[in-house]
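The structure file run_13.txt is reproduced below (compact mmCIF, C-alpha atoms and all ligand atoms).
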```txt
# COMPACT_ATOMS: atom_id res chain seq x y z
CA MET S 1 111.18 -13.48 -43.99
CA ALA S 2 108.90 -13.47 -40.99
CA ASP S 3 111.83 -12.48 -38.79
CA ASP S 4 112.38 -9.33 -40.82
CA ALA S 5 109.01 -8.05 -39.71
CA VAL S 6 110.08 -8.03 -36.05
CA PRO S 7 111.62 -4.65 -35.27
CA LEU S 8 115.10 -4.94 -33.77
CA PRO S 9 115.78 -1.31 -32.81
CA TRP S 10 119.24 -2.03 -31.42
CA LYS S 11 120.50 -3.84 -34.51
CA ALA S 12 121.69 -0.88 -36.57
CA ASP S 13 123.57 0.58 -33.60
CA VAL S 14 125.15 -2.77 -32.79
CA GLN S 15 126.38 -3.19 -36.34
CA ALA S 16 127.73 0.35 -36.50
CA ALA S 17 129.41 -0.08 -33.11
CA ARG S 18 131.05 -3.28 -34.32
CA ARG S 19 132.59 -1.33 -37.16
CA GLY S 20 133.98 1.13 -34.65
CA ASP S 21 131.40 3.92 -34.55
CA PRO S 22 131.59 5.22 -30.96
CA SER S 23 128.42 7.29 -31.17
CA ALA S 24 126.46 4.14 -32.04
CA PHE S 25 127.78 2.38 -28.96
CA GLU S 26 127.10 5.46 -26.87
CA SER S 27 123.46 5.40 -27.87
CA LEU S 28 123.31 1.72 -26.91
CA VAL S 29 124.81 2.61 -23.53
CA ARG S 30 122.28 5.38 -23.03
CA SER S 31 119.41 3.06 -23.85
CA VAL S 32 120.33 0.51 -21.19
CA GLN S 33 122.27 2.42 -18.52
CA ARG S 34 119.33 2.95 -16.20
CA GLN S 35 118.26 -0.70 -16.22
CA VAL S 36 121.84 -1.84 -15.81
CA TYR S 37 122.55 0.47 -12.90
CA GLY S 38 119.13 -0.21 -11.36
CA LEU S 39 119.66 -3.97 -11.34
CA ALA S 40 123.24 -3.61 -10.07
CA LEU S 41 122.11 -1.36 -7.23
CA ARG S 42 119.36 -3.73 -6.14
CA LEU S 43 121.72 -6.67 -6.15
CA LEU S 44 124.76 -4.97 -4.61
CA GLN S 45 123.02 -2.40 -2.39
CA SER S 46 125.91 -0.01 -2.71
CA GLU S 47 125.86 2.98 -5.05
CA ALA S 48 129.63 3.03 -5.52
CA GLU S 49 129.81 -0.67 -6.36
CA ALA S 50 126.74 -0.47 -8.58
CA ALA S 51 128.33 2.35 -10.59
CA GLU S 52 131.58 0.43 -10.91
CA ILE S 53 129.90 -2.80 -11.99
CA SER S 54 127.67 -0.95 -14.46
CA GLN S 55 130.76 0.52 -16.10
CA GLU S 56 132.43 -2.86 -16.19
CA ALA S 57 129.35 -4.57 -17.64
CA LEU S 58 129.01 -2.01 -20.42
CA LEU S 59 132.69 -2.27 -21.23
CA ARG S 60 132.44 -6.07 -21.37
CA ALA S 61 129.49 -5.67 -23.72
CA TYR S 62 131.69 -3.62 -26.03
CA GLN S 63 134.57 -6.07 -25.82
CA ASN S 64 132.26 -8.98 -26.66
CA LEU S 65 130.11 -7.24 -29.22
CA HIS S 66 131.37 -9.56 -31.97
CA ARG S 67 130.06 -12.56 -30.03
CA TYR S 68 126.64 -11.10 -29.34
CA ASP S 69 123.76 -12.56 -31.37
CA ASP S 70 121.92 -9.42 -32.45
CA SER S 71 118.66 -11.24 -33.05
CA ARG S 72 118.33 -11.35 -29.25
CA PRO S 73 117.43 -8.17 -27.35
CA PHE S 74 120.52 -6.13 -26.53
CA ASP S 75 119.24 -5.03 -23.12
CA LEU S 76 118.66 -8.62 -21.97
CA TRP S 77 122.18 -9.55 -23.01
CA VAL S 78 123.73 -6.63 -21.13
CA LEU S 79 121.57 -7.31 -18.07
CA ALA S 80 122.77 -10.92 -18.03
CA ILE S 81 126.38 -9.67 -18.09
CA THR S 82 125.58 -7.21 -15.31
CA ARG S 83 123.95 -9.86 -13.16
CA ASN S 84 126.90 -12.23 -13.56
CA LEU S 85 129.35 -9.51 -12.55
CA CYS S 86 127.21 -8.63 -9.53
CA LEU S 87 127.03 -12.25 -8.40
CA ASP S 88 130.80 -12.59 -8.82
CA LEU S 89 131.32 -9.53 -6.68
CA LEU S 90 128.88 -10.74 -4.04
CA ARG S 91 130.68 -14.07 -3.88
CA ARG S 92 134.03 -12.35 -3.45
CA ARG S 93 132.49 -9.96 -0.95
CA THR S 94 131.18 -12.73 1.33
CA LYS S 95 134.57 -14.37 1.19
CA VAL S 96 136.47 -11.21 2.06
CA ARG S 97 134.33 -9.57 4.66
CA THR S 98 131.47 -11.54 6.08
CA GLU S 99 131.14 -9.61 9.30
CA GLU S 100 131.80 -6.00 8.45
CA LEU S 101 129.05 -5.83 5.86
CA GLU S 102 126.30 -3.47 6.89
CA PRO S 103 123.16 -4.40 5.05
CA MET S 104 121.03 -1.84 3.26
CA LYS S 105 122.62 1.39 4.32
CA GLU S 106 122.37 3.23 1.04
CA VAL S 107 119.78 1.30 -0.78
CA LEU S 108 116.97 3.56 -1.54
CA PRO S 109 116.80 4.66 -5.09
CA SER S 110 115.16 7.91 -5.94
CA GLY S 111 112.56 7.35 -8.63
CA GLU S 112 111.50 10.27 -10.77
CA ALA S 113 108.08 10.11 -9.16
CA SER S 114 109.44 11.07 -5.76
CA GLN S 115 108.72 14.76 -6.24
CA GLU S 116 105.11 14.32 -7.27
CA GLU S 117 104.15 11.67 -4.79
CA GLY S 118 102.86 12.60 -1.37
CA ALA S 119 104.63 12.05 1.92
CA ILE S 120 102.59 8.93 2.74
CA ALA S 121 103.29 7.28 -0.59
CA ARG S 122 106.97 8.14 -0.21
CA GLU S 123 107.05 6.57 3.23
CA GLU S 124 105.32 3.47 1.92
CA ARG S 125 107.77 3.16 -0.91
CA GLN S 126 110.61 3.63 1.55
CA SER S 127 109.41 0.84 3.81
CA LEU S 128 108.84 -1.41 0.82
CA GLU S 129 112.37 -0.76 -0.41
CA GLU S 130 113.69 -1.46 3.07
CA ALA S 131 111.79 -4.72 3.32
CA MET S 132 112.99 -5.73 -0.13
CA ALA S 133 116.57 -4.98 0.83
CA THR S 134 116.42 -7.58 3.59
CA LEU S 135 115.54 -10.36 1.12
CA SER S 136 118.12 -12.65 -0.48
CA VAL S 137 119.77 -11.74 -3.80
CA ASP S 138 117.73 -14.45 -5.53
CA ASP S 139 114.51 -12.92 -4.30
CA ARG S 140 115.57 -9.36 -5.02
CA GLU S 141 116.55 -10.04 -8.59
CA VAL S 142 113.23 -11.56 -9.66
CA LEU S 143 111.24 -8.85 -7.89
CA ALA S 144 113.39 -6.10 -9.41
CA LEU S 145 113.15 -7.50 -12.92
CA TYR S 146 109.44 -8.32 -12.78
CA TYR S 147 107.99 -5.35 -10.93
CA VAL S 148 110.52 -2.55 -11.25
CA GLN S 149 111.68 -3.24 -14.79
CA LYS S 150 108.32 -4.73 -15.84
CA ARG S 151 109.91 -7.69 -17.62
CA THR S 152 108.02 -10.79 -18.70
CA THR S 153 108.83 -14.13 -17.12
CA LYS S 154 110.34 -15.19 -20.45
CA GLU S 155 112.66 -12.19 -20.49
CA ILE S 156 113.65 -12.78 -16.87
CA ALA S 157 114.45 -16.40 -17.70
CA GLN S 158 116.75 -15.20 -20.49
CA ILE S 159 118.58 -12.85 -18.13
CA LEU S 160 118.93 -15.43 -15.37
CA GLY S 161 119.67 -18.26 -17.77
CA CYS S 162 116.99 -20.61 -16.46
CA ALA S 163 113.74 -22.17 -17.64
CA PRO S 164 110.83 -19.69 -17.99
CA GLY S 165 108.58 -22.09 -16.11
CA THR S 166 110.56 -21.62 -12.89
CA ILE S 167 110.20 -17.84 -12.74
CA MET S 168 106.58 -17.68 -11.56
CA ALA S 169 107.33 -19.96 -8.61
CA ARG S 170 110.41 -17.94 -7.66
CA LEU S 171 108.39 -14.77 -7.94
CA PHE S 172 105.70 -16.22 -5.73
CA ARG S 173 108.18 -17.20 -3.01
CA ALA S 174 109.93 -13.84 -3.10
CA ARG S 175 106.67 -11.93 -2.96
CA GLU S 176 105.37 -14.01 -0.10
CA LYS S 177 108.50 -13.28 1.94
CA LEU S 178 108.07 -9.63 1.18
CA ARG S 179 104.38 -9.67 2.06
CA LYS S 180 105.13 -11.28 5.43
CA LYS S 181 107.79 -8.71 6.17
CA MET S 182 105.46 -5.88 5.24
CA THR S 183 102.56 -7.17 7.35
CA THR S 184 104.64 -7.83 10.45
CA GLU S 185 106.11 -4.38 10.04
CA GLU S 186 102.72 -2.70 9.63
CA ALA S 187 100.94 -4.52 12.41
CA PRO S 188 103.28 -5.78 15.09
CA ARG S 189 101.27 -7.96 17.42
CA MET L 1 85.65 -21.07 7.53
CA SER L 2 87.97 -24.02 8.21
CA ALA L 3 91.49 -23.12 7.11
CA HIS L 4 92.35 -26.55 5.71
CA LEU L 5 89.83 -26.06 2.94
CA CYS L 6 91.59 -22.95 1.66
CA PRO L 7 93.62 -23.46 -1.51
CA ASP L 8 97.37 -23.27 -1.69
CA LEU L 9 98.42 -19.63 -2.15
CA GLU L 10 100.59 -20.43 -5.13
CA VAL L 11 97.60 -22.00 -6.87
CA LEU L 12 95.42 -19.06 -5.90
CA PHE L 13 97.85 -16.49 -7.35
CA ALA L 14 98.38 -18.56 -10.48
CA GLU L 15 94.63 -18.55 -11.04
CA LEU L 16 94.58 -14.84 -10.38
CA GLU L 17 97.03 -14.41 -13.29
CA GLU L 18 94.83 -16.55 -15.51
CA GLY L 19 91.65 -14.83 -14.33
CA GLU L 20 89.70 -17.96 -13.36
CA GLY L 21 89.75 -21.26 -11.49
CA PRO L 22 88.32 -23.12 -8.52
CA ALA L 23 90.69 -21.48 -6.02
CA LEU L 24 89.56 -18.07 -7.20
CA ASP L 25 85.93 -19.14 -6.89
CA HIS L 26 86.66 -20.25 -3.34
CA ALA L 27 88.28 -16.91 -2.53
CA ALA L 28 85.16 -15.09 -3.60
CA GLU L 29 83.32 -16.79 -0.74
CA CYS L 30 86.08 -16.97 1.85
CA GLU L 31 87.00 -13.98 3.99
CA ALA L 32 90.51 -15.20 4.78
CA CYS L 33 91.41 -15.80 1.14
CA ALA L 34 89.79 -12.54 0.06
CA ALA L 35 91.98 -10.73 2.60
CA VAL L 36 95.10 -12.44 1.23
CA LEU L 37 94.13 -11.42 -2.29
CA GLU L 38 93.58 -7.85 -1.19
CA ASP L 39 96.99 -7.83 0.53
CA HIS L 40 98.50 -9.21 -2.62
CA ARG L 41 96.81 -6.59 -4.79
CA LEU L 42 98.10 -3.75 -2.63
CA LEU L 43 101.62 -5.17 -2.52
CA GLU L 44 101.73 -5.58 -6.28
CA LYS L 45 100.41 -2.04 -6.73
CA ASP L 46 103.23 -0.70 -4.55
CA LEU L 47 105.82 -2.91 -6.21
CA TYR L 48 104.82 -1.77 -9.69
CA ARG L 49 105.28 1.81 -8.56
CA LEU L 50 108.95 1.29 -7.79
CA ALA L 51 111.30 2.67 -10.41
CA ASP L 52 114.91 2.16 -11.29
CA PRO L 53 117.08 4.89 -9.80
CA LEU L 54 118.85 7.28 -12.12
CA PRO L 55 122.43 6.21 -12.76
CA PRO L 56 125.25 8.62 -11.91
CA PRO L 57 125.38 11.33 -14.60
CA THR L 58 129.03 10.47 -15.32
CA LEU L 59 128.32 6.84 -16.19
CA VAL L 60 128.07 7.21 -19.97
CA ALA L 61 131.21 9.35 -20.18
CA SER L 62 133.20 6.94 -18.00
CA VAL L 63 132.14 3.98 -20.12
CA MET L 64 132.93 5.78 -23.37
CA ALA L 65 136.36 6.82 -22.09
CA ARG L 66 137.18 3.16 -21.42
CA VAL L 67 135.67 2.12 -24.75
CA ALA L 68 137.94 4.62 -26.55
CA ALA L 69 140.97 2.72 -25.25
CA GLU L 70 139.66 -0.57 -26.68
CA PRO L 71 140.25 -2.01 -30.16
CA VAL L 72 137.32 -1.89 -32.57
CA PRO L 73 135.21 -5.07 -32.03
CA GLN L 74 135.41 -6.09 -35.69
CA ARG L 75 139.20 -5.79 -35.78
CA ARG L 76 139.30 -7.90 -32.63
CA GLU L 77 137.34 -10.49 -34.60
CA VAL L 78 139.87 -10.41 -37.46
CA TRP L 79 142.72 -10.88 -35.01
CA SER L 80 141.06 -13.83 -33.32
CA GLY L 81 140.50 -15.42 -36.74
CA LEU L 82 144.17 -14.90 -37.62
CA ALA L 83 145.23 -16.29 -34.25
CA ILE L 84 143.24 -19.47 -34.90
CA LEU L 85 144.81 -19.83 -38.36
CA MET L 86 148.33 -19.27 -37.05
CA THR L 87 147.85 -21.71 -34.19
CA SER L 88 146.65 -24.44 -36.50
CA LEU L 89 149.48 -23.79 -38.97
CA VAL L 90 152.11 -23.86 -36.23
CA GLY L 91 150.46 -26.97 -34.81
CA GLY L 92 150.60 -28.71 -38.19
CA LEU L 93 154.24 -27.77 -38.81
CA GLY L 94 155.16 -28.71 -35.26
CA TYR L 95 153.60 -32.11 -35.70
CA LEU L 96 155.47 -32.78 -38.94
CA VAL L 97 158.80 -31.59 -37.48
CA LEU L 98 158.41 -33.67 -34.34
CA ASN L 99 157.30 -36.78 -36.18
CA ASP L 100 160.31 -37.78 -38.34
CA GLN L 101 158.61 -40.73 -39.93
CA ALA L 102 155.61 -38.84 -41.12
CA LEU L 103 157.84 -36.02 -42.33
CA SER L 104 160.17 -38.30 -44.29
CA ARG L 105 157.32 -40.24 -45.84
CA LEU L 106 155.61 -37.00 -46.78
CA GLY L 107 158.92 -35.59 -48.01
CA THR L 108 159.48 -38.66 -50.16
CA GLY L 109 156.02 -38.35 -51.54
CA VAL L 110 156.47 -34.67 -52.36
CA ALA L 111 159.96 -35.21 -53.83
CA SER L 112 158.88 -38.07 -56.01
CA PHE L 113 155.92 -35.99 -57.15
CA VAL L 114 158.17 -33.06 -58.10
CA VAL L 115 161.12 -34.96 -59.49
CA GLU L 116 159.48 -37.76 -61.35
CA GLY L 117 156.57 -35.68 -62.42
CA ARG L 118 154.02 -38.24 -61.42
CA LEU L 119 150.38 -37.46 -61.71
CA PHE L 120 148.97 -35.27 -58.96
CA ALA L 121 146.43 -37.90 -58.00
CA GLU L 122 149.20 -40.39 -57.57
CA GLY L 123 151.11 -38.02 -55.27
CA VAL L 124 148.10 -37.53 -53.14
CA LEU L 125 147.53 -41.25 -53.01
CA SER L 126 151.10 -41.96 -52.01
CA GLY L 127 150.90 -39.27 -49.32
CA ALA L 128 147.79 -40.85 -48.00
CA ARG L 129 149.42 -44.27 -48.12
CA ALA L 130 152.45 -42.91 -46.28
CA LEU L 131 150.22 -41.46 -43.57
CA TRP L 132 148.26 -44.66 -43.36
CA SER L 133 151.37 -46.84 -42.96
CA THR L 134 152.93 -44.63 -40.25
CA GLU L 135 150.29 -43.48 -37.81
CA GLY L 136 147.13 -44.43 -39.59
CA LEU L 137 143.99 -43.01 -38.10
CA ALA L 138 145.75 -40.78 -35.57
CA VAL L 139 147.50 -38.75 -38.26
CA ALA L 140 144.40 -38.59 -40.37
CA ALA L 141 142.39 -37.36 -37.39
CA ILE L 142 144.97 -34.70 -36.49
CA LEU L 143 145.16 -33.45 -40.06
CA ALA L 144 141.37 -33.38 -40.28
CA PHE L 145 141.25 -31.41 -37.03
CA LEU L 146 143.81 -28.93 -38.34
CA LEU L 147 141.84 -28.55 -41.54
CA VAL L 148 138.64 -27.90 -39.61
CA THR L 149 140.26 -25.31 -37.30
CA SER L 150 141.83 -23.58 -40.30
CA LEU L 151 138.44 -23.45 -41.97
CA ALA L 152 136.94 -22.07 -38.75
CA GLY L 153 139.59 -19.35 -38.76
CA LEU L 154 138.90 -18.54 -42.40
CA LYS L 155 135.18 -18.47 -41.72
CA ARG L 156 135.65 -15.99 -38.88
CA LEU L 157 137.77 -13.83 -41.15
CA ALA L 158 135.25 -13.99 -43.96
CA GLY L 159 132.27 -13.53 -41.64
CA SER L 160 133.65 -10.36 -40.09
CA ALA L 161 133.69 -8.47 -43.37
CA PRO L 162 130.59 -6.31 -43.65
CA THR L 163 128.07 -7.92 -45.93
CA PRO L 164 126.30 -5.82 -48.59
CA SER L 165 123.08 -5.90 -46.59
CA GLU L 166 124.81 -4.32 -43.62
CA ALA L 167 126.31 -1.49 -45.62
ZN ZN J 201 89.89 -19.56 1.95
```
Conversion result in structure tokens:
Amino acid sequence: MADDAVPLPWKADVQAARRGDPSAFESLVRSVQRQVYGLALRLLQSEAEAAEISQEALLRAYQNLHRYDDSRPFDLWVLAITRNLCLDLLRRRTKVRTEELEPMKEVLPSGEASQEEGAIAREERQSLEEAMATLSVDDREVLALYYVQKRTTKEIAQILGCAPGTIMARLFRAREKLRKKMTTEEAPR
Amino acid sequence: MSAHLCPDLEVLFAELEEGEGPALDHAAECEACAAVLEDHRLLEKDLYRLADPLPPPTLVASVMARVAAEPVPQRREVWSGLAILMTSLVGGLGYLVLNDQALSRLGTGVASFVVEGRLFAEGVLSGARALWSTEGLAVAAILAFLLVTSLAGLKRLAGSAPTPSEA
């Protein structure tokens, strides 16, 4: 009874999509596509690969819709699929071409705010993105989920499949690495 | 001023989240820690301003084109339920065919039940006795497993039908 009071906005679409209603699944895709692509791009640092993995993740979500527990948030489930696919690709990538990989060449996402913000803010954001791109995947994923996607530590734990208590410490370590990179960049002594 | 008195940064930031604590009290009096906190505040402000990039405008259409080529999820569910049922049926038949003894004992039991018109309970009992005298626990366990997997298959089939509350 108490559970019924919690709004589950994705539930009706999930159930309709399970019965084969494509427009219901399309609205689910629209609701998560930006988060899915955003996470994929931060992990993979390649627009082409991020687009490919996003497609694959959303297709897998459709194929496994009958296994999905719709009392859990749909976006977290799809993000977990996306992350796993990204990590698989990164593993394959390091195996195939360790040397030829050029880090962070097409990383910088264009937020909607970019037109309104001034040149200084844009430059700051650019250097922050660049510093973030030099961090490890583990660091990038917690920073992206916590700060960019504004997720709670509990939600992040669900996506990463780990204990919520570990997220704050991971976040701290990632942020400290970033802070050091930013300060050495700003004030080279 | 001495650096060794300054709290661990992780503790300091944890207290910052909670809004109070001895490390935070220390930072209010310590220039070095106050500077770290200010750094942290600015970094978080910048980080929070980052946004997810817009996905390629073709993403939804590409996904939906691939989805159109897929079977409906619920039908997939029905098929997987049927597959489980068929596998357990084939497994059960295969076991009986391969195990002559069990088959003949079972056959005898069934024949005597049909021909002599014994009571149903008696037939079941003799079947159970036959199983017990041939392979004992192993047969019983296999049959129980087959029964459970069949029930799982049936449950999947039944569960996939839309319930009244969904409609
Ligand atoms: Zn201090």
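Proximity ranking of L:Ala27, L:Cys33, L:Arg66, L:Pro22 relative to chain S places L:Arg66 first, based on all atoms listed in the file.
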May I have the residues within 10 Å of ligand ZN 201 (chain J), computed using all atoms listed in the file, as an MDAnalysis selection string? chainID L and resid 1:9 12 23:36
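The two atoms in question, CA of Arg151 (chain S) and CA of Ala16 (chain S), are spaced 27.2 Å apart.
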Please list as an NGL selection string every residue within 10 Å of region 89-97 of chain S, counting only C-alpha atoms and excluding residues in the same chain fewer than 5 positions away. :S and (43-44 or 49 or 53 or 83-84 or 137)
Between L:Gly21, L:Ala83, L:Ala61, L:Tyr48, which is the closest to chain S once you count all atoms listed in the file? L:Tyr48
